[in-house]
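Colleague: So here's target.txt, just compact mmCIF, C-alpha atoms and all ligand atoms:
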```
# COMPACT_ATOMS: atom_id res chain seq x y z
CA MET U 1 24.09 -26.55 -84.69
CA THR U 2 20.60 -27.37 -83.29
CA SER U 3 20.51 -30.47 -81.11
CA PHE U 4 17.29 -32.42 -81.18
CA VAL U 5 15.61 -34.33 -78.41
CA GLN U 6 14.05 -37.70 -79.18
CA PRO U 7 11.92 -38.96 -76.28
CA THR U 8 11.01 -42.64 -76.32
CA SER U 9 7.92 -42.69 -74.10
CA PRO U 10 4.81 -40.53 -73.48
CA GLU U 11 6.14 -39.75 -69.98
CA GLN U 12 9.35 -38.31 -71.43
CA LEU U 13 7.52 -36.45 -74.18
CA PHE U 14 5.03 -34.72 -71.90
CA THR U 15 7.46 -33.77 -69.19
CA LEU U 16 9.48 -31.75 -71.72
CA GLY U 17 8.89 -28.01 -72.08
CA PRO U 18 6.43 -26.84 -74.76
CA ILE U 19 9.18 -25.60 -77.05
CA ASP U 20 11.83 -28.30 -76.53
CA PRO U 21 13.16 -29.36 -79.94
CA VAL U 22 11.44 -32.75 -80.22
CA GLU U 23 11.74 -33.93 -83.80
CA ASN U 24 9.22 -36.73 -84.00
CA PRO U 25 6.37 -37.25 -81.56
CA TYR U 26 4.43 -39.30 -84.13
CA ASP U 27 6.00 -42.70 -83.42
CA ILE U 28 5.12 -42.29 -79.76
CA TYR U 29 1.59 -41.17 -80.64
CA ARG U 30 1.16 -44.22 -82.92
CA ALA U 31 2.23 -46.57 -80.11
CA MET U 32 -0.11 -44.79 -77.68
CA ARG U 33 -3.09 -45.19 -80.04
CA ALA U 34 -2.25 -48.88 -80.56
CA ASN U 35 -1.52 -49.79 -76.92
CA ALA U 36 -3.52 -47.38 -74.79
CA PRO U 37 -5.48 -44.58 -76.53
CA VAL U 38 -6.36 -43.32 -73.05
CA GLY U 39 -3.69 -43.54 -70.38
CA GLU U 40 -1.59 -41.81 -67.76
CA SER U 41 1.61 -39.90 -68.48
CA GLY U 42 3.92 -37.70 -66.41
CA TYR U 43 1.38 -34.86 -66.74
CA GLY U 44 -1.86 -36.65 -65.87
CA TYR U 45 -4.18 -38.45 -68.29
CA TYR U 46 -4.01 -38.28 -72.06
CA ILE U 47 -6.42 -39.10 -74.90
CA ALA U 48 -4.70 -40.00 -78.16
CA SER U 49 -7.27 -41.43 -80.60
CA PHE U 50 -9.39 -39.33 -82.96
CA GLU U 51 -12.73 -40.78 -81.86
CA LEU U 52 -12.10 -40.38 -78.12
CA ALA U 53 -10.53 -36.93 -78.55
CA GLN U 54 -13.66 -35.79 -80.37
CA GLN U 55 -15.86 -37.39 -77.68
CA ALA U 56 -13.97 -35.64 -74.86
CA LEU U 57 -13.92 -32.22 -76.57
CA LEU U 58 -17.66 -32.45 -77.19
CA ASP U 59 -18.45 -33.38 -73.58
CA ASP U 60 -17.46 -30.10 -71.98
CA GLU U 61 -19.49 -30.83 -68.84
CA THR U 62 -17.20 -33.75 -67.98
CA PHE U 63 -14.00 -32.47 -69.57
CA SER U 64 -13.98 -28.89 -68.34
CA SER U 65 -11.81 -26.08 -69.68
CA LYS U 66 -11.27 -24.81 -66.13
CA SER U 67 -7.74 -26.25 -66.49
CA ASN U 68 -7.02 -23.10 -68.57
CA SER U 69 -8.32 -20.72 -65.88
CA PRO U 70 -6.10 -18.87 -63.37
CA ASP U 71 -7.11 -21.42 -60.67
CA TYR U 72 -4.92 -24.13 -62.25
CA PRO U 73 -1.21 -24.20 -63.10
CA GLY U 74 -0.70 -23.39 -66.79
CA ILE U 75 -1.73 -20.75 -69.30
CA GLY U 76 -4.49 -19.25 -67.10
CA MET U 77 -1.77 -18.11 -64.70
CA VAL U 78 -0.39 -15.71 -67.33
CA PHE U 79 -3.42 -14.98 -69.53
CA GLY U 80 -5.78 -14.34 -66.60
CA GLN U 81 -9.41 -15.41 -67.05
CA THR U 82 -10.16 -15.77 -70.78
CA ILE U 83 -12.65 -17.73 -72.86
CA VAL U 84 -10.33 -20.74 -73.19
CA GLY U 85 -10.67 -21.20 -69.42
CA MET U 86 -14.42 -20.53 -69.16
CA ASN U 87 -17.38 -22.90 -69.25
CA GLY U 88 -21.15 -22.83 -69.68
CA LYS U 89 -22.99 -19.51 -69.81
CA GLU U 90 -19.94 -17.40 -68.97
CA HIS U 91 -18.10 -18.92 -71.94
CA LEU U 92 -21.04 -18.38 -74.29
CA LYS U 93 -21.36 -14.74 -73.25
CA HIS U 94 -17.68 -14.02 -73.89
CA ARG U 95 -17.68 -15.98 -77.12
CA ASN U 96 -20.59 -13.90 -78.39
CA LEU U 97 -18.78 -10.72 -77.41
CA ILE U 98 -15.50 -11.67 -79.03
CA THR U 99 -16.11 -13.72 -82.17
CA PRO U 100 -17.89 -11.04 -84.22
CA ALA U 101 -14.88 -8.74 -83.75
CA LEU U 102 -12.52 -11.43 -85.12
CA ARG U 103 -14.36 -12.31 -88.35
CA PRO U 104 -12.28 -11.27 -91.36
CA ARG U 105 -15.48 -9.97 -92.99
CA ALA U 106 -16.16 -7.73 -89.98
CA LEU U 107 -12.59 -6.49 -90.14
CA GLY U 108 -13.23 -5.58 -93.79
CA CYS U 109 -10.90 -4.86 -96.74
CA GLU U 110 -8.75 -2.96 -94.28
CA PHE U 111 -7.72 -6.30 -92.77
CA ARG U 112 -6.81 -7.90 -96.13
CA GLU U 113 -5.03 -4.80 -97.43
CA GLY U 114 -3.28 -4.25 -94.10
CA ALA U 115 -2.12 -7.88 -93.93
CA ARG U 116 -0.80 -7.79 -97.50
CA SER U 117 1.04 -4.50 -96.98
CA THR U 118 2.50 -5.86 -93.71
CA ALA U 119 3.74 -8.96 -95.60
CA ASP U 120 5.15 -6.82 -98.42
CA ALA U 121 6.95 -4.49 -95.98
CA LEU U 122 8.66 -7.48 -94.31
CA ILE U 123 9.68 -8.96 -97.68
CA ASP U 124 11.00 -5.56 -98.84
CA LYS U 125 13.60 -5.72 -96.06
CA PHE U 126 15.38 -8.80 -97.46
CA ILE U 127 14.30 -9.31 -101.09
CA ALA U 128 17.30 -7.52 -102.64
CA SER U 129 19.76 -9.94 -101.01
CA GLY U 130 18.32 -13.03 -102.75
CA ARG U 131 18.37 -15.00 -99.49
CA SER U 132 16.56 -15.08 -96.16
CA ASN U 133 15.84 -17.13 -93.11
CA LEU U 134 12.07 -16.85 -93.39
CA VAL U 135 11.49 -17.83 -89.73
CA PRO U 136 12.88 -14.66 -88.10
CA ASP U 137 12.40 -12.52 -91.23
CA PHE U 138 8.83 -13.41 -92.05
CA THR U 139 6.79 -16.24 -90.48
CA PHE U 140 7.44 -15.05 -86.93
CA LEU U 141 7.05 -11.30 -87.43
CA TYR U 142 4.14 -11.31 -89.89
CA PRO U 143 1.24 -12.46 -87.62
CA LEU U 144 2.48 -10.32 -84.72
CA SER U 145 2.81 -7.27 -86.99
CA VAL U 146 -0.72 -7.84 -88.36
CA PHE U 147 -2.04 -7.85 -84.78
CA VAL U 148 -0.12 -4.75 -83.80
CA GLN U 149 -1.60 -2.99 -86.83
CA LEU U 150 -5.15 -4.26 -86.19
CA LEU U 151 -4.95 -3.28 -82.54
CA GLY U 152 -3.96 0.22 -83.62
CA LEU U 153 -0.59 0.12 -81.82
CA PRO U 154 2.72 1.55 -83.08
CA GLN U 155 4.64 -0.95 -85.30
CA GLU U 156 7.88 -0.23 -83.42
CA ASP U 157 6.30 -1.94 -80.37
CA VAL U 158 6.23 -5.29 -82.19
CA HIS U 159 9.57 -6.30 -80.62
CA ASP U 160 8.27 -5.67 -77.09
CA PHE U 161 5.21 -7.73 -77.94
CA HIS U 162 7.50 -10.46 -79.21
CA GLN U 163 9.47 -10.49 -75.96
CA TRP U 164 6.38 -10.50 -73.71
CA GLY U 165 4.73 -13.18 -75.87
CA VAL U 166 7.82 -15.41 -75.58
CA ASP U 167 7.87 -14.81 -71.81
CA LEU U 168 4.22 -15.93 -71.58
CA THR U 169 4.93 -19.24 -73.34
CA HIS U 170 7.64 -20.04 -70.74
CA VAL U 171 5.15 -20.14 -67.86
CA ALA U 172 5.35 -23.93 -67.35
CA ALA U 173 9.16 -24.08 -67.21
CA ASP U 174 9.72 -20.66 -65.60
CA PRO U 175 6.56 -19.29 -63.93
CA GLU U 176 8.33 -16.10 -62.82
CA ARG U 177 9.24 -15.24 -66.40
CA GLY U 178 5.69 -16.00 -67.58
CA LEU U 179 4.20 -13.76 -64.89
CA ARG U 180 6.67 -10.98 -65.72
CA GLY U 181 5.56 -11.04 -69.39
CA SER U 182 1.94 -11.02 -68.29
CA ALA U 183 2.49 -8.00 -66.00
CA CYS U 184 4.43 -6.06 -68.68
CA LEU U 185 1.58 -6.53 -71.15
CA ALA U 186 -0.97 -5.31 -68.59
CA GLU U 187 1.19 -2.29 -67.78
CA TYR U 188 1.52 -1.44 -71.47
CA LEU U 189 -2.12 -2.06 -72.42
CA GLY U 190 -3.81 -0.35 -69.42
CA PRO U 191 -3.10 3.24 -70.58
CA VAL U 192 -3.75 2.25 -74.23
CA LEU U 193 -7.28 1.13 -73.29
CA LYS U 194 -7.89 4.33 -71.38
CA ASP U 195 -6.82 6.43 -74.39
CA LYS U 196 -9.00 4.41 -76.74
CA ARG U 197 -12.02 4.76 -74.46
CA ASP U 198 -11.47 8.54 -74.44
CA THR U 199 -10.76 8.79 -78.18
CA PRO U 200 -12.07 5.78 -80.18
CA THR U 201 -9.94 4.98 -83.23
CA GLY U 202 -12.05 2.24 -84.89
CA ASP U 203 -9.47 -0.56 -84.47
CA LEU U 204 -9.86 -4.05 -82.97
CA ILE U 205 -9.30 -2.81 -79.39
CA CYS U 206 -12.12 -0.26 -79.89
CA ARG U 207 -14.38 -2.98 -81.30
CA LEU U 208 -13.70 -5.09 -78.19
CA ILE U 209 -14.41 -2.10 -75.95
CA GLU U 210 -17.70 -1.44 -77.78
CA ALA U 211 -18.80 -5.10 -78.15
CA GLU U 212 -22.04 -5.62 -76.25
CA VAL U 213 -24.30 -8.63 -75.68
CA MET U 214 -27.55 -8.13 -73.77
CA GLY U 215 -26.32 -4.90 -72.27
CA GLU U 216 -23.02 -6.41 -71.06
CA ARG U 217 -19.55 -5.31 -72.08
CA MET U 218 -16.07 -6.55 -71.22
CA THR U 219 -14.11 -4.91 -68.42
CA ASP U 220 -10.60 -3.55 -69.07
CA ALA U 221 -9.13 -6.52 -67.17
CA GLU U 222 -11.08 -8.93 -69.40
CA ILE U 223 -9.96 -7.16 -72.57
CA ILE U 224 -6.31 -7.19 -71.43
CA SER U 225 -6.52 -10.91 -70.65
CA PHE U 226 -8.06 -11.54 -74.05
CA LEU U 227 -5.29 -9.57 -75.78
CA ARG U 228 -2.71 -11.70 -73.95
CA LEU U 229 -4.46 -14.78 -75.31
CA LEU U 230 -4.47 -13.33 -78.83
CA ILE U 231 -0.74 -12.67 -78.77
CA THR U 232 0.10 -16.31 -78.07
CA GLY U 233 -3.05 -18.13 -79.22
CA GLY U 234 -3.48 -16.04 -82.34
CA ALA U 235 0.03 -15.03 -83.45
CA ASP U 236 2.11 -18.03 -82.37
CA THR U 237 -0.26 -20.48 -84.05
CA THR U 238 -0.31 -18.69 -87.42
CA TYR U 239 3.47 -18.36 -87.17
CA HIS U 240 3.82 -22.13 -86.93
CA LEU U 241 1.17 -22.78 -89.57
CA LEU U 242 3.07 -20.61 -92.05
CA GLY U 243 6.43 -22.16 -91.16
CA ASN U 244 5.18 -25.74 -91.44
CA THR U 245 3.41 -25.05 -94.73
CA LEU U 246 6.43 -23.36 -96.30
CA HIS U 247 8.65 -26.17 -95.04
CA ARG U 248 6.42 -28.70 -96.79
CA LEU U 249 6.30 -26.72 -100.05
CA LEU U 250 10.06 -26.27 -100.12
CA SER U 251 10.53 -30.00 -99.50
CA ASP U 252 8.28 -31.01 -102.41
CA ARG U 253 9.06 -29.29 -105.72
CA GLU U 254 6.07 -30.82 -107.52
CA LEU U 255 3.67 -29.54 -104.86
CA LEU U 256 5.28 -26.09 -104.99
CA GLU U 257 4.84 -25.95 -108.80
CA ARG U 258 1.22 -27.05 -108.43
CA VAL U 259 0.40 -24.37 -105.86
CA LEU U 260 2.29 -21.70 -107.79
CA ALA U 261 0.18 -22.50 -110.86
CA ASN U 262 -3.12 -22.62 -108.97
CA ARG U 263 -3.43 -20.40 -105.93
CA ASP U 264 -6.82 -21.92 -105.05
CA ASP U 265 -4.76 -24.87 -103.83
CA ILE U 266 -3.47 -22.73 -100.95
CA GLU U 267 -6.65 -23.42 -98.99
CA PRO U 268 -6.43 -27.27 -99.08
CA LEU U 269 -2.66 -26.93 -98.62
CA LEU U 270 -3.14 -25.00 -95.37
CA TRP U 271 -5.77 -27.46 -94.11
CA GLU U 272 -3.50 -30.43 -94.83
CA SER U 273 -0.59 -28.66 -93.16
CA LEU U 274 -2.81 -28.07 -90.08
CA ARG U 275 -3.74 -31.75 -89.96
CA TRP U 276 -0.26 -33.08 -90.65
CA GLU U 277 1.71 -30.83 -88.27
CA ALA U 278 -0.96 -29.39 -85.98
CA PRO U 279 0.55 -26.12 -84.66
CA VAL U 280 -1.26 -26.77 -81.34
CA GLN U 281 -0.44 -30.39 -80.51
CA PHE U 282 -2.66 -30.72 -77.45
CA VAL U 283 -5.30 -28.91 -75.41
CA SER U 284 -5.85 -29.36 -71.72
CA ARG U 285 -8.98 -30.20 -69.74
CA GLN U 286 -9.85 -31.04 -66.10
CA THR U 287 -12.48 -33.65 -65.24
CA ASN U 288 -15.60 -32.50 -63.40
CA ARG U 289 -16.50 -36.05 -62.35
CA GLU U 290 -15.18 -39.60 -62.54
CA VAL U 291 -15.45 -40.79 -66.16
CA HIS U 292 -14.93 -44.10 -68.02
CA ILE U 293 -13.42 -43.58 -71.43
CA GLY U 294 -11.46 -45.93 -73.71
CA GLY U 295 -11.50 -48.64 -71.03
CA VAL U 296 -9.89 -46.34 -68.43
CA THR U 297 -11.46 -44.74 -65.35
CA ILE U 298 -10.31 -41.14 -64.97
CA PRO U 299 -11.03 -39.77 -61.48
CA ASP U 300 -12.78 -36.49 -60.71
CA ASP U 301 -10.63 -33.32 -60.90
CA ALA U 302 -7.87 -34.98 -62.95
CA PRO U 303 -5.84 -33.14 -65.61
CA VAL U 304 -6.38 -34.53 -69.13
CA MET U 305 -4.46 -33.73 -72.26
CA VAL U 306 -6.33 -34.20 -75.53
CA ILE U 307 -3.65 -34.85 -78.13
CA ILE U 308 -4.78 -33.20 -81.35
CA GLY U 309 -1.45 -34.01 -83.03
CA SER U 310 -2.14 -37.72 -82.51
CA ALA U 311 -5.87 -37.59 -83.37
CA ASN U 312 -5.00 -35.95 -86.70
CA ARG U 313 -2.69 -38.87 -87.57
CA ASP U 314 -5.13 -41.58 -86.47
CA GLU U 315 -5.28 -44.34 -89.08
CA ALA U 316 -8.87 -45.08 -88.00
CA ALA U 317 -9.93 -41.59 -89.12
CA PHE U 318 -7.62 -40.81 -92.06
CA ASP U 319 -6.37 -43.03 -94.92
CA ASN U 320 -2.59 -43.21 -94.97
CA PRO U 321 -2.43 -40.52 -92.26
CA ASP U 322 1.34 -39.94 -92.39
CA ALA U 323 1.19 -38.95 -96.08
CA PHE U 324 0.85 -35.25 -96.90
CA ASP U 325 -2.05 -35.15 -99.38
CA ILE U 326 -3.79 -31.89 -100.20
CA ASP U 327 -6.51 -33.77 -102.09
CA ARG U 328 -7.80 -35.63 -99.04
CA ASP U 329 -11.14 -34.76 -97.41
CA GLN U 330 -10.15 -32.26 -94.70
CA GLY U 331 -13.53 -32.03 -92.96
CA LYS U 332 -12.40 -33.98 -89.91
CA SER U 333 -9.13 -32.38 -88.80
CA LEU U 334 -9.09 -31.36 -85.12
CA ALA U 335 -6.36 -28.74 -85.64
CA PHE U 336 -8.69 -25.91 -84.57
CA GLY U 337 -10.18 -27.97 -81.73
CA TYR U 338 -13.74 -29.27 -81.58
CA GLY U 339 -16.99 -28.42 -79.81
CA LYS U 340 -17.74 -25.21 -77.91
CA HIS U 341 -14.12 -24.05 -77.75
CA TYR U 342 -13.50 -24.48 -81.50
CA CYS U 343 -10.98 -21.81 -82.48
CA ALA U 344 -12.68 -18.42 -82.58
CA GLY U 345 -9.97 -17.12 -84.94
CA ALA U 346 -9.91 -20.01 -87.45
CA ASP U 347 -11.20 -17.92 -90.38
CA PHE U 348 -8.94 -15.06 -89.37
CA GLY U 349 -5.88 -17.33 -89.16
CA LEU U 350 -6.63 -19.01 -92.50
CA ALA U 351 -7.22 -15.67 -94.26
CA GLU U 352 -4.05 -14.21 -92.75
CA ALA U 353 -1.98 -17.28 -93.68
CA THR U 354 -3.39 -17.28 -97.25
CA ILE U 355 -2.40 -13.63 -97.69
CA GLY U 356 1.08 -14.32 -96.27
CA MET U 357 1.59 -17.37 -98.51
CA ASN U 358 0.48 -15.45 -101.61
CA ALA U 359 2.89 -12.62 -100.80
CA ILE U 360 5.81 -15.08 -100.53
CA LEU U 361 4.85 -16.96 -103.70
CA ASP U 362 4.19 -13.75 -105.68
CA ARG U 363 7.46 -12.10 -104.77
CA LEU U 364 10.16 -14.70 -104.10
CA GLU U 365 10.72 -16.17 -107.55
CA ASP U 366 12.45 -19.53 -107.82
CA ILE U 367 12.38 -19.95 -104.04
CA ARG U 368 14.22 -23.01 -102.71
CA PHE U 369 16.03 -24.22 -99.57
CA ASP U 370 19.50 -22.69 -99.29
CA ASP U 371 21.93 -25.56 -99.97
CA SER U 372 24.69 -23.73 -98.12
CA ALA U 373 22.77 -23.76 -94.79
CA GLU U 374 24.80 -25.55 -92.11
CA THR U 375 21.93 -27.79 -91.03
CA PRO U 376 18.83 -28.89 -92.90
CA SER U 377 15.58 -27.38 -91.66
CA THR U 378 13.57 -29.72 -89.45
CA ILE U 379 10.14 -29.32 -87.88
CA ARG U 380 10.35 -29.72 -84.10
CA GLY U 381 8.55 -28.89 -80.85
CA VAL U 382 6.21 -30.45 -78.29
CA ALA U 383 3.18 -28.24 -77.63
CA PHE U 384 3.88 -25.89 -80.57
CA ARG U 385 5.55 -27.38 -83.65
CA GLY U 386 7.40 -25.44 -86.34
CA PRO U 387 10.60 -25.45 -88.45
CA SER U 388 14.02 -24.84 -86.86
CA HIS U 389 14.79 -22.39 -89.69
CA LEU U 390 13.74 -21.70 -93.27
CA LYS U 391 16.95 -20.57 -94.95
CA VAL U 392 16.05 -19.99 -98.58
CA THR U 393 17.42 -18.47 -101.77
CA PHE U 394 15.42 -16.87 -104.57
CA ALA U 395 15.95 -14.73 -107.67
CA ALA U 396 16.96 -11.27 -106.39
C1 LIG D 401 -3.98 -20.48 -87.55
C2 LIG D 401 -3.69 -21.28 -86.62
C3 LIG D 401 -4.50 -21.54 -85.38
C4 LIG D 401 -4.63 -22.75 -84.76
C5 LIG D 401 -4.00 -24.06 -85.19
C6 LIG D 401 -5.49 -22.54 -83.60
C7 LIG D 401 -5.87 -23.56 -82.73
C8 LIG D 401 -6.79 -23.42 -81.72
C9 LIG D 401 -7.28 -24.50 -80.90
C10 LIG D 401 -6.82 -25.94 -80.99
C11 LIG D 401 -8.19 -23.98 -80.04
C12 LIG D 401 -9.01 -24.75 -79.02
C13 LIG D 401 -8.49 -24.61 -77.61
C14 LIG D 401 -9.23 -25.52 -76.63
O1 LIG D 401 -10.12 -26.26 -77.02
O2 LIG D 401 -8.87 -25.47 -75.45
C15 LIG D 401 -8.26 -22.56 -80.29
C16 LIG D 401 -9.05 -21.66 -79.60
C17 LIG D 401 -9.03 -20.31 -79.81
N1 LIG D 401 -8.35 -19.61 -80.80
FE1 LIG D 401 -7.19 -20.42 -82.22
N2 LIG D 401 -5.85 -21.23 -83.53
C18 LIG D 401 -5.28 -20.56 -84.60
C19 LIG D 401 -5.39 -19.21 -84.90
C20 LIG D 401 -6.08 -18.30 -84.14
C21 LIG D 401 -6.17 -16.88 -84.42
C22 LIG D 401 -5.49 -16.19 -85.61
C23 LIG D 401 -6.92 -16.34 -83.44
C24 LIG D 401 -7.32 -14.89 -83.22
C25 LIG D 401 -7.43 -14.00 -84.17
C26 LIG D 401 -7.33 -17.40 -82.53
C27 LIG D 401 -8.12 -17.23 -81.42
C28 LIG D 401 -8.61 -18.27 -80.65
C29 LIG D 401 -9.50 -18.07 -79.52
C30 LIG D 401 -10.03 -16.73 -79.02
C31 LIG D 401 -9.75 -19.35 -78.99
C32 LIG D 401 -10.62 -19.69 -77.78
C33 LIG D 401 -12.00 -20.14 -78.23
C34 LIG D 401 -12.86 -20.59 -77.07
O3 LIG D 401 -12.33 -20.97 -76.02
O4 LIG D 401 -14.09 -20.54 -77.22
N3 LIG D 401 -6.80 -18.58 -83.00
N4 LIG D 401 -7.40 -22.23 -81.35
```
Now that the file is in, can you turn its structure into structure tokens?
Ligand code: HEM
Modeller:
Amino acid sequence: MTSFVQPTSPEQLFTLGPIDPVENPYDIYRAMRANAPVGESGYGYYIASFELAQQALLDDETFSSKSNSPDYPGIGMVFGQTIVGMNGKEHLKHRNLITPALRPRALGCEFREGARSTADALIDKFIASGRSNLVPDFTFLYPLSVFVQLLGLPQEDVHDFHQWGVDLTHVAADPERGLRGSACLAEYLGPVLKDKRDTPTGDLICRLIEAEVMGERMTDAEIISFLRLLITGGADTTYHLLGNTLHRLLSDRELLERVLANRDDIEPLLWESLRWEAPVQFVSRQTNREVHIGGVTIPDDAPVMVIIGSANRDEAAFDNPDAFDIDRDQGKSLAFGYGKHYCAGADFGLAEATIGMNAILDRLEDIRFDDSAETPSTIRGVAFRGPSHLKVTFAA
């Protein structure tokens, strides 16, 4: 039986590990927005309202992303230097090198066909039994397997990638484990890069090797760091997006029927799922100077957490924000971030999730939660939120 954690204050919430099973951060977020939209927690400063979150993410000179670089404790320690930790011209250069390689259009039909066949192969493994726990069987493995295929790596290595990816996400609670995962990935990818430089195979790694802006290319170390970022930033996020969206559909029969009848609704469904249960609940920044925001003075060089999960539920920005409504105007959601660091893989993630959702809806007829499951499925987590399990039955 899964035991849940229910913190009662921002301090408690933010001193928990990123994957602790917190069931409901939204009551705390609501109180933060009402009492102190900018404040101090166990971690440093936080920004909880939509308007101020947007303001901070847009002002990248004051709220620097250097907090995500290897010079600060956190993800930079295990990713190495990547675009999420860069600023100014260096960031722009890397962004221009990387984003073209990640556009679904650039990846071509191969990407769509490959993603669909990856989804089908995973479903083939359990469809005959008429039941599945879609978290380990599908939502977790699917984005990782798509990456492994796109990177031109052997599918049997997906489990190693899984292990190293999980190790990376433990860096805050267990830095040694995080660093071990980081080193294993570098050890694995170093020879792969060498082989691909010698014999190009046309996959995503080759596109990254060949990407060039104004005569500059990425070094092997930069590519390896970027691939580490993709494994967590790209696969873990889509994993939670798929889990949260399926959880919602399975909890609302009418919505499920609507989406089954009109697959164009998958797009607004995914956007509303991203707003409602943002897979990335907060992003971190470090101030470059003293700044006054929301009536609070944040000193120079202070850590700041911009809480996307709270901004997306802000009643000042969204009508009835706690309701799940796929007909609402989605233009404003901060789920993919905002400003210069806006998610470089947003189109990729949405296309991949749409293909995954269609595969599930096409193939698992009469899908519903498994009534015999010991515990009901609940969405939980602090930094990354997703369902505890998705035990389902369907017509075999
Ligand atoms: C589908 C769910 C996804 C969500 C919710 C998500 C969320 C985010 C957020 C919030 C940021 C901003 C980070 C910051 O401001 O510090 C970001 C950045 C980024 N994401 Fe995503 N992401 C998703 C999928 C992906 C995928 C599939 C990829 C890769 C194929 C990807 C690659 C990136 C990269 C490279 C950045 C860094 C951009 C920069 O710093 O300029 N993401 N993502």
Colleague: Counting all atoms listed in the file, which of U:Gly356, U:Glu365, U:Gln54, U:Glu156 gets nearest to Ser117 in chain U?
Modeller: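 When distances to Ser117 in chain U are compared using all atoms listed in the file, the smallest one comes from U:Gly356.
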Colleague: Return the single residue from U:Pro299, U:Gly234, U:Pro191, U:Pro200 that is closest to ligand LIG 401 (chain D), with distances computed using only C-alpha atoms and all ligand atoms.
Modeller: U:Gly234
Colleague: Hey, could you make a per-residue contact list for chain U against ligand LIG 401 (chain D) with 8 Å as the cut-off, showing the nearest pair of atoms and its distance in Å to one decimal, counting all atoms listed in the file, sorted by chain and number, as CSV?
Modeller:
```
residue,atom,partner,partner_atom,distance
U:Leu57,CA,D:LIG401,O1,7.1
U:Ser65,CA,D:LIG401,O2,6.5
U:Asn68,CA,D:LIG401,O2,7.5
U:Thr82,CA,D:LIG401,O3,7.7
U:Ile83,CA,D:LIG401,O3,4.5
U:Val84,CA,D:LIG401,O3,3.5
U:Gly85,CA,D:LIG401,O3,6.8
U:Met86,CA,D:LIG401,O3,7.2
U:His91,CA,D:LIG401,O4,6.8
U:Leu92,CA,D:LIG401,O4,7.8
U:Arg95,CA,D:LIG401,O4,5.8
U:Ile98,CA,D:LIG401,C30,7.5
U:Thr99,CA,D:LIG401,C30,7.5
U:Leu102,CA,D:LIG401,C25,5.8
U:Pro143,CA,D:LIG401,C22,8.0
U:Phe226,CA,D:LIG401,C30,7.5
U:Leu229,CA,D:LIG401,C30,7.0
U:Leu230,CA,D:LIG401,C24,5.5
U:Gly233,CA,D:LIG401,N3,5.3
U:Gly234,CA,D:LIG401,C21,3.5
U:Ala235,CA,D:LIG401,C22,6.0
U:Asp236,CA,D:LIG401,C2,7.9
U:Thr237,CA,D:LIG401,C2,4.4
U:Thr238,CA,D:LIG401,C1,4.1
U:Tyr239,CA,D:LIG401,C2,7.8
U:His240,CA,D:LIG401,C2,7.6
U:Leu241,CA,D:LIG401,C2,5.9
U:Leu274,CA,D:LIG401,C5,6.4
U:Ala278,CA,D:LIG401,C5,6.2
U:Pro279,CA,D:LIG401,C5,5.0
U:Val280,CA,D:LIG401,C5,5.4
U:Gln281,CA,D:LIG401,C10,7.8
U:Phe282,CA,D:LIG401,C10,7.3
U:Val283,CA,D:LIG401,O2,5.0
U:Ser284,CA,D:LIG401,O2,6.2
U:Arg285,CA,D:LIG401,O2,7.4
U:Ile308,CA,D:LIG401,C10,7.5
U:Leu334,CA,D:LIG401,C10,7.2
U:Ala335,CA,D:LIG401,C5,5.3
U:Phe336,CA,D:LIG401,C10,4.0
U:Gly337,CA,D:LIG401,C10,4.0
U:Tyr338,CA,D:LIG401,O1,6.6
U:Gly339,CA,D:LIG401,O1,7.7
U:Lys340,CA,D:LIG401,O4,6.0
U:His341,CA,D:LIG401,O4,3.5
U:Tyr342,CA,D:LIG401,C12,5.1
U:Cys343,CA,D:LIG401,C16,3.5
U:Ala344,CA,D:LIG401,C29,4.4
U:Gly345,CA,D:LIG401,C23,3.5
U:Ala346,CA,D:LIG401,C19,5.3
U:Asp347,CA,D:LIG401,C22,7.6
U:Phe348,CA,D:LIG401,C22,5.2
U:Gly349,CA,D:LIG401,C22,3.7
U:Leu350,CA,D:LIG401,C1,5.8
U:Glu352,CA,D:LIG401,C22,7.5
U:Ala353,CA,D:LIG401,C1,7.2
```
Colleague: Which is closer to Gly386 in chain U than all the others in U:Gly114, U:Pro10, U:Gly243, U:Pro70, using all atoms listed in the file?
Modeller: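 Ranking U:Gly114, U:Pro10, U:Gly243, U:Pro70 by distance to Gly386 in chain U, first place goes to U:Gly243.
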Colleague: Check the smallest atom-to-atom distance from each of U:Leu134, U:Leu13, U:Ala359, U:Ile298 to Ser41 in chain U using only C-alpha atoms, then report the winner.
Modeller: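 When distances to Ser41 in chain U are compared using only C-alpha atoms, the smallest one comes from U:Leu13.
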Colleague: Could range 364-375 of chain U be written out with C-alpha atoms, as a PDB file, in the first residue's frame, please?
Modeller:
```pdb
ATOM      1  CA  LEU U 364      -7.425  -0.834 -25.601  1.00  0.00           C
ATOM      2  CA  GLU U 365     -11.175  -1.096 -26.135  1.00  0.00           C
ATOM      3  CA  ASP U 366     -13.473  -0.409 -23.200  1.00  0.00           C
ATOM      4  CA  ILE U 367     -10.522   0.709 -21.073  1.00  0.00           C
ATOM      5  CA  ARG U 368     -11.343   1.474 -17.426  1.00  0.00           C
ATOM      6  CA  PHE U 369      -9.699   1.510 -13.978  1.00  0.00           C
ATOM      7  CA  ASP U 370      -9.304  -2.008 -12.588  1.00  0.00           C
ATOM      8  CA  ASP U 371     -11.818  -2.240  -9.713  1.00  0.00           C
ATOM      9  CA  SER U 372      -9.833  -5.067  -8.141  1.00  0.00           C
ATOM     10  CA  ALA U 373      -6.724  -2.871  -7.625  1.00  0.00           C
ATOM     11  CA  GLU U 374      -5.793  -2.747  -3.929  1.00  0.00           C
ATOM     12  CA  THR U 375      -5.527   1.037  -3.834  1.00  0.00           C
TER      13      THR U 375
END
```
